[in-house]
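Chemist: Can you read through this structure? Questions will come right after.
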Amino acid sequence: MNCLQAEEHFSAHFEDALDYQTLQAFEAHLAACEGCRHEHALFQESVIAAQQLPQIGTSPYFMPALQQRLAEEQPERLSFWRQLIQVVNRPRWAFSGMMLLIFAAASIYFYHRDIVDWNARPTAIRDTQTSQQEGQVTRPLRTGLSAVPTLNNSRQFSPGSSMSSQPMQQHYVLKTVSYASTPTRGGL
Amino acid sequence: MSELDDELMQRFQKGDEGAFTLLVRRHQQPLINFIARFINDRDSAEDLAQETFIRMFKAAHRYQPGRARFNTWMYHIASNLCKNELRNRGRRDRYRVENVVSNGRDADGDTEQVDLIASAPADASFQPDVQLERKELRKAVQKAIAELPEEYRLPLVLRDIQGLSYDEISKVLELRSGTTKSRINRARLMLKDKLKSFMEPL
Ligand SMILES: [Zn+2]
């Protein structure tokens with residue numbers, strides 16, 4: 001251990017926080033190095049002097065003045081979202097919330113998948129045929145488009161009789177099939 | 001101590017304002033001491049302590065027992081207020097050491113005028129009164145602390161004057177524990193160097 005390393009351990013030695021090996025090396029260095037011994041003594045003396053500074057008292061005006069100021073203040077009310085975040089931040093609520101969310105997402109997923117599976121084929125073929133017969137311009141789907149805008153579009157663009165009478169899921173399938181059967185007109 | 005603080009905060013959160021008054025009574029003295037020692041200004045310390053408590057009062061609903069301790073939260077707010085205050089004061093009167101000395105009023109509220117520099121023993125044959133020597137040492141220590149750079153002064157005051165643990169200081173200052181330890185050691189070494197002329201017999 002050199003002088004610089006010894007200096008690094010002054011605080012830990014002062015607080016009795018050195019492990020046995022470091023303590024041995026530290027004390028061996030101090031025993032051999034007069035400079036560090038002297039600095040170490042000064043170090044301890046100044047830390048003790050700082051620790052022995054008297055506590056500064058409170059004036060008698062402090063509390064009345066504070067109470068007067070507090071009387072003019074209102075504790076902030078947390079917004080609904082902050083309250084929610086605080087509740088969710090608690091571990092057990094966070095876990096329950098997460099499970100609920102997963103359950104809800106799974107339910108929605110399976111519900112939709114089931115409907116699409118049941119209706120996909122026949123509706124798609126029927127609707128494609130219908131729209132082609134009516135000469136309707138179907139916009140090609142672009143990659144990444146979700147089902148929702150497609151549903152809205154198909155509603156707007158189809159004046160036909162069949163649209164209003166059919167469930168939404170059928171329109172979704174219609175668009176998917178239209179994509180395959182309609183030219184993309186250059187690029188996605 | 002922290003359990004009672006938590007309980008009082010929970011009572012306050014439920015609308016018991018007396019619980020907050022009790023919290024203030026429990027923490028006002030250490031807080032004022034901390035601020036006065038850190039900014040080296042007793043008069044402003046009470047204003048800043050009031051501001052700290054007002055901020056805690058207003059934001060009490062954000063306090064979550066068990067996640068933070070009342071006193072680390074308090075010191076965190078107070079430290080930031082002090083840093084802002086020092087920044088606003090600017091360089092010239094940042095530490096107010098000269099004012100304190102020339103007004104003959106030190107941070108302890110003593111009114112006796114003692115020149116800190118001249119008070120160091122200049123003559124080995126000089127036998128000062130023990131009380132006077134202690135008083136002068138205190139002033140020298142306060143002056144030396146006030147001269148430390150802020151990032152070293154703050155952890156030193158929290159550790160050696162307020163007696164916080166390393167873990168608490170890391171939380172107050174949002175530092176890693178290794179950084180806290182090395183800053184405290186560095187701060188103490190600086191303090192030692194500043195007090196050397198006062199402590200070493202010539
Ligand atoms: Zn050495």
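Identifiers in the structure tokens: chain A, B, ... in order shown; residue index from 1 per chain; ligand index from 1 in order shown.
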Please check which protein, DNA or RNA residues sit within 12 Å of ligand 1, counting only C-alpha atoms and all ligand atoms, and write them as a PyMOL selection string.
Modeler: chain A and resi 1-10+25-40
Chemist: Would you mind listing what lies within 10 Å of Glu85 (chain B) as a PyMOL selection string, with only C-alpha atoms counted and same-chain residues fewer than 5 positions away left out?
Modeler: chain B and resi 39+44+48+79-80+90+94
Chemist: Name the closest residue to chain B among the candidates A:Leu23, A:Leu42, A:Leu100, A:Ile108; distances are taken between atoms, counting only C-alpha atoms.
Modeler: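 The closest residue to chain B is A:Leu42.
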Chemist: For chain B against chain A, which residues fall within 8 Å using only C-alpha atoms, given as a PyMOL selection string?
Modeler: chain B and resi 28-30+32-33+36+46+50+54+57-62+107-108+137-138+141-142+160-161+182+184-185+188-189+191-192+195-196+199
Chemist: Can you pull out the residues contacting Arg11 (chain B)? Cut-off 12 Å, using only C-alpha atoms, and skip same-chain residues under 4 positions away; I want them as a list in words.
Modeler: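 Selected residues are Leu4, Asp5, Asp6, Glu7, Gly15, Asp16, Glu17, Gly18, Ala19, Phe20, Thr21, Leu22, Leu23, Ala60, His61, Tyr63 and Pro65 of chain B.
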Chemist: How many Å lie between CA of Gln64 (chain B) and CA of Gly97 (chain A), rounded to one decimal?
Modeler: 19.4 Å
Chemist: Hey, can you check how far CA of Asp193 (chain B) sits from CA of Asp167 (chain B)?
Modeler: 26.5 Å
Chemist: Can you tell me, as a list in words, what residues are no more than 12 Å from Glu174 (chain B) when counting only C-alpha atoms, ignoring any on the same chain fewer than 2 positions away?
Modeler: Thr72, Trp73, Tyr75, His76, Ile77, Ser79, Asn80, Pro155, Tyr166, Asp167, Glu168, Ile169, Ser170, Lys171, Val172, Arg176, Ser177, Gly178, Thr179 and Thr180 of chain B
Chemist: Using only C-alpha atoms, can you tell me which of B:Glu51, B:Ala78, B:Phe198, B:Arg153 comes closest to Glu133 (chain B)?
Modeler: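 The shortest atom-to-atom distance to Glu133 (chain B) comes from B:Phe198.
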